[in-house]
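Only one structure is covered here, and it is reproduced in the block below.
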Amino acid sequence: MRKKERAVWVMARLNAQYPETPVPLDHNDSFTLLIAVLLSAQCTDKKVNEVTPDLFRIGPDPEAMASLDESEILATIRQLGLAKTKAKNVRRLAQLLLERHDGEVPASFEELEALPGVGHKTASVVMAQAFGVPAFPVDTHIHRLAQRWGLSRGESVVQTERDLKALFPREEWNRLHLQIIFWGREFCSARGCDGRACSMCRELYPNRRNPVVTRKA
């Protein structure tokens, strides 16, 4: 099966498995989504969803968040990885939204990536899920599965994103981003499948004998 044919087959399989694609991170608006995505770095969405209700209760918008002491934010998110750095970034990000953007989350990659703690992947998630702009954020699930499914060489997340954008229709990027994450968590996790165990991998490569070695992002 050629790479383009694999992409079409994978998309059909994902659409059948996940016709609905709810956003995994709980949020109320573009600001709380941005904060939740920032907090999810090196942390599970489940854990983030456990702490954000208390955080958003005391900091529901940029003005309220910026008025908090860094220690207040840290106390709320302490159980997350890199909590001290994240607390500092959250407060400064809220301040910059007030200073630069009249308290609004900017709807551009460049302006988002200029905020503390916001890299390309975080900006891509916000652009896709808050503003509906086609993007293909690549996290560890997507990076790993793109290699296992033969959709990318996977030398880096940058290369994986480029390869996936070239393979799939632009209007499907936002949906596919979530569908691949859902599949990875449910069927093709790092320990649960080595490129031969889950049904997607087996059907794509029925004769595969050796495990797929995932290149680090």
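Residues in the structure tokens are named by chain (A, B, ... in the order shown) and by number from 1 within that chain; ligands are numbered from 1 in the order shown.
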
Give me, as a CSV table (one decimal) with C-alpha atoms, in the first residue's frame, all polymer residues having an atom no more than 9 Å from Trp149 of chain A, counting only C-alpha atoms and skipping those fewer than 4 positions away in the same chain.
chain,number,residue,atom,x,y,z
A,6,ARG,CA,-2.3,4.3,3.7
A,7,ALA,CA,-3.3,7.9,4.6
A,10,VAL,CA,-6.2,5.4,8.1
A,144,ARG,CA,4.8,7.9,17.4
A,145,LEU,CA,1.8,6.7,15.4
A,195,GLY,CA,3.8,-1.4,15.8
A,200,MET,CA,-4.5,-0.6,12.9
A,201,CYS,CA,-0.9,-1.7,12.9
A,204,LEU,CA,-1.6,-2.0,7.8
A,205,TYR,CA,1.3,-4.4,8.1

Produce a table with one row for each residue of segment 78-149 of chain A that has an atom at most 7 Å from any atom of segment 33-55 of chain A, each row naming the nearest atom pair and its distance in Å at one decimal; use only C-alpha atoms; arrange rows by chain and rising residue number; format as CSV.
residue,atom,partner,partner_atom,distance
A:Leu80,CA,A:Cys43,CA,6.6
A:Gly81,CA,A:Cys43,CA,6.2
A:Lys86,CA,A:Leu39,CA,6.5
A:Val90,CA,A:Ile35,CA,6.8
A:Gly117,CA,A:Leu38,CA,6.4
A:Val118,CA,A:Leu38,CA,6.4
A:Thr122,CA,A:Val37,CA,6.1
A:Val126,CA,A:Leu34,CA,6.1

- Nearby residues (only C-alpha atoms) at most 8 Å from Ala123 of chain A, same-chain spacing under 6 positions excluded, as a list in words: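 Near Ala123 of chain A, the qualifying residues are Phe109, Leu112 and Glu113 of chain A.
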
Okay, now the selection with C-alpha atoms, as a PDB file, in the first residue's frame?
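selection.pdb, written as the output of this step:
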ATOM      1  CA  PHE A 109       0.529  31.757  15.396  1.00  0.00           C
ATOM      2  CA  LEU A 112       0.644  33.220  20.402  1.00  0.00           C
ATOM      3  CA  GLU A 113       4.186  31.872  20.120  1.00  0.00           C
TER       4      GLU A 113
END

I'd like the neighbourhood of segment 95-102 of chain A as a JSON list (two decimals) with N, CA and C atoms, in the first residue's frame, where a residue qualifies if any of its atoms comes within 8 Å (using only C-alpha atoms), though same-chain residues fewer than 5 positions away should be ignored.
[["chain", "number", "residue", "atom", "x", "y", "z"],
["A", 62, "PRO", "N", -7.87, 36.92, 31.94],
["A", 62, "PRO", "CA", -6.52, 37.47, 32.07],
["A", 62, "PRO", "C", -6.37, 38.47, 33.21],
["A", 63, "GLU", "N", -7.36, 39.33, 33.41],
["A", 63, "GLU", "CA", -7.26, 40.33, 34.48],
["A", 63, "GLU", "C", -7.18, 39.67, 35.85],
["A", 66, "ALA", "N", -3.80, 37.68, 36.18],
["A", 66, "ALA", "CA", -2.65, 38.56, 36.33],
["A", 66, "ALA", "C", -2.58, 39.17, 37.73],
["A", 115, "LEU", "N", 4.16, 34.50, 23.39],
["A", 115, "LEU", "CA", 3.77, 34.47, 24.80],
["A", 115, "LEU", "C", 4.60, 33.45, 25.56]]

- Item | Who sits within 12 Å of Pro137 of chain A, only C-alpha atoms, same chain under 5 positions skipped, as a ChimeraX atom specification | /A:37,109,119-129,142-143,157-162,164-165,173-181

Save out the residues we just selected, N, CA and C atoms, as an mmCIF file, in the first residue's frame.
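Output below, filename result12.cif:
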data_model
loop_
_atom_site.group_PDB
_atom_site.id
_atom_site.type_symbol
_atom_site.label_atom_id
_atom_site.label_comp_id
_atom_site.auth_asym_id
_atom_site.auth_seq_id
_atom_site.Cartn_x
_atom_site.Cartn_y
_atom_site.Cartn_z
ATOM 1 N N VAL A 37 -3.809 24.153 27.804
ATOM 2 C CA VAL A 37 -2.833 23.548 26.892
ATOM 3 C C VAL A 37 -1.414 23.803 27.386
ATOM 4 N N PHE A 109 -0.565 32.588 14.905
ATOM 5 C CA PHE A 109 0.529 31.757 15.396
ATOM 6 C C PHE A 109 1.654 32.610 15.964
ATOM 7 N N GLY A 119 4.687 27.306 22.809
ATOM 8 C CA GLY A 119 5.458 26.917 21.637
ATOM 9 C C GLY A 119 4.546 26.677 20.450
ATOM 10 N N HIS A 120 5.115 26.133 19.398
ATOM 11 C CA HIS A 120 4.342 25.933 18.168
ATOM 12 C C HIS A 120 3.202 24.949 18.358
ATOM 13 N N LYS A 121 3.444 23.879 19.118
ATOM 14 C CA LYS A 121 2.394 22.888 19.324
ATOM 15 C C LYS A 121 1.228 23.485 20.105
ATOM 16 N N THR A 122 1.523 24.210 21.183
ATOM 17 C CA THR A 122 0.460 24.848 21.967
ATOM 18 C C THR A 122 -0.305 25.852 21.125
ATOM 19 N N ALA A 123 0.413 26.672 20.357
ATOM 20 C CA ALA A 123 -0.247 27.644 19.493
ATOM 21 C C ALA A 123 -1.128 26.943 18.465
ATOM 22 N N SER A 124 -0.670 25.831 17.936
ATOM 23 C CA SER A 124 -1.442 25.090 16.935
ATOM 24 C C SER A 124 -2.742 24.554 17.529
ATOM 25 N N VAL A 125 -2.668 24.032 18.762
ATOM 26 C CA VAL A 125 -3.876 23.526 19.418
ATOM 27 C C VAL A 125 -4.889 24.641 19.608
ATOM 28 N N VAL A 126 -4.432 25.797 20.066
ATOM 29 C CA VAL A 126 -5.339 26.923 20.302
ATOM 30 C C VAL A 126 -5.920 27.428 18.994
ATOM 31 N N MET A 127 -5.101 27.533 17.973
ATOM 32 C CA MET A 127 -5.607 27.998 16.676
ATOM 33 C C MET A 127 -6.661 27.050 16.130
ATOM 34 N N ALA A 128 -6.428 25.752 16.314
ATOM 35 C CA ALA A 128 -7.364 24.752 15.794
ATOM 36 C C ALA A 128 -8.643 24.694 16.612
ATOM 37 N N GLN A 129 -8.504 24.612 17.931
ATOM 38 C CA GLN A 129 -9.653 24.325 18.783
ATOM 39 C C GLN A 129 -10.401 25.567 19.238
ATOM 40 N N ILE A 142 0.958 11.428 18.289
ATOM 41 C CA ILE A 142 0.926 11.572 16.836
ATOM 42 C C ILE A 142 2.292 11.277 16.233
ATOM 43 N N HIS A 143 3.332 11.750 16.869
ATOM 44 C CA HIS A 143 4.695 11.506 16.369
ATOM 45 C C HIS A 143 4.980 10.006 16.304
ATOM 46 N N VAL A 157 9.423 16.257 15.271
ATOM 47 C CA VAL A 157 8.006 16.624 15.223
ATOM 48 C C VAL A 157 7.742 17.606 14.078
ATOM 49 N N VAL A 158 8.731 18.409 13.754
ATOM 50 C CA VAL A 158 8.585 19.350 12.647
ATOM 51 C C VAL A 158 8.393 18.587 11.338
ATOM 52 N N GLN A 159 9.215 17.556 11.134
ATOM 53 C CA GLN A 159 9.102 16.751 9.924
ATOM 54 C C GLN A 159 7.794 15.975 9.905
ATOM 55 N N THR A 160 7.401 15.430 11.057
ATOM 56 C CA THR A 160 6.145 14.695 11.130
ATOM 57 C C THR A 160 4.969 15.590 10.786
ATOM 58 N N GLU A 161 4.945 16.787 11.336
ATOM 59 C CA GLU A 161 3.865 17.725 11.020
ATOM 60 C C GLU A 161 3.833 18.035 9.525
ATOM 61 N N ARG A 162 4.991 18.263 8.950
ATOM 62 C CA ARG A 162 5.069 18.583 7.519
ATOM 63 C C ARG A 162 4.554 17.413 6.676
ATOM 64 N N LEU A 164 2.475 14.943 7.561
ATOM 65 C CA LEU A 164 1.041 14.713 7.735
ATOM 66 C C LEU A 164 0.214 15.772 7.013
ATOM 67 N N LYS A 165 0.663 16.990 7.032
ATOM 68 C CA LYS A 165 -0.054 18.052 6.315
ATOM 69 C C LYS A 165 -0.053 17.797 4.810
ATOM 70 N N TRP A 173 -7.444 18.342 9.022
ATOM 71 C CA TRP A 173 -6.329 18.362 9.970
ATOM 72 C C TRP A 173 -6.791 18.423 11.424
ATOM 73 N N ASN A 174 -7.717 19.332 11.728
ATOM 74 C CA ASN A 174 -8.113 19.517 13.123
ATOM 75 C C ASN A 174 -8.774 18.278 13.693
ATOM 76 N N ARG A 175 -9.623 17.634 12.897
ATOM 77 C CA ARG A 175 -10.283 16.416 13.350
ATOM 78 C C ARG A 175 -9.260 15.286 13.507
ATOM 79 N N LEU A 176 -8.385 15.116 12.525
ATOM 80 C CA LEU A 176 -7.415 14.024 12.562
ATOM 81 C C LEU A 176 -6.450 14.152 13.736
ATOM 82 N N HIS A 177 -6.057 15.355 14.035
ATOM 83 C CA HIS A 177 -5.176 15.586 15.189
ATOM 84 C C HIS A 177 -5.752 14.930 16.438
ATOM 85 N N LEU A 178 -7.022 15.150 16.710
ATOM 86 C CA LEU A 178 -7.657 14.569 17.894
ATOM 87 C C LEU A 178 -7.890 13.075 17.735
ATOM 88 N N GLN A 179 -8.297 12.655 16.548
ATOM 89 C CA GLN A 179 -8.573 11.232 16.332
ATOM 90 C C GLN A 179 -7.321 10.379 16.555
ATOM 91 N N ILE A 180 -6.185 10.841 16.061
ATOM 92 C CA ILE A 180 -4.950 10.080 16.236
ATOM 93 C C ILE A 180 -4.564 10.013 17.714
ATOM 94 N N ILE A 181 -4.755 11.125 18.432
ATOM 95 C CA ILE A 181 -4.486 11.124 19.870
ATOM 96 C C ILE A 181 -5.380 10.110 20.575
#

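Minimum atom-to-atom distances from A:Ala12, A:Ala94, A:Ile58, A:Cys198 to Gly184 of chain A were compared using only C-alpha atoms, and the lowest value belongs to A:Cys198.
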
- Task: Tell me, in Å to one decimal, how far atom CA of Gly103 of chain A is from atom CA of Gln79 of chain A.
- Result: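 Interatomic distance, atom CA of Gly103 of chain A to atom CA of Gln79 of chain A: 27.7 Å.
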
- From the list A:Arg170, A:Trp9, A:Arg196, A:Phe182, which residue is nearest Pro22 of chain A when using only C-alpha atoms?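 Checking each of A:Arg170, A:Trp9, A:Arg196, A:Phe182 against Pro22 of chain A, counting only C-alpha atoms, the winner is A:Phe182.
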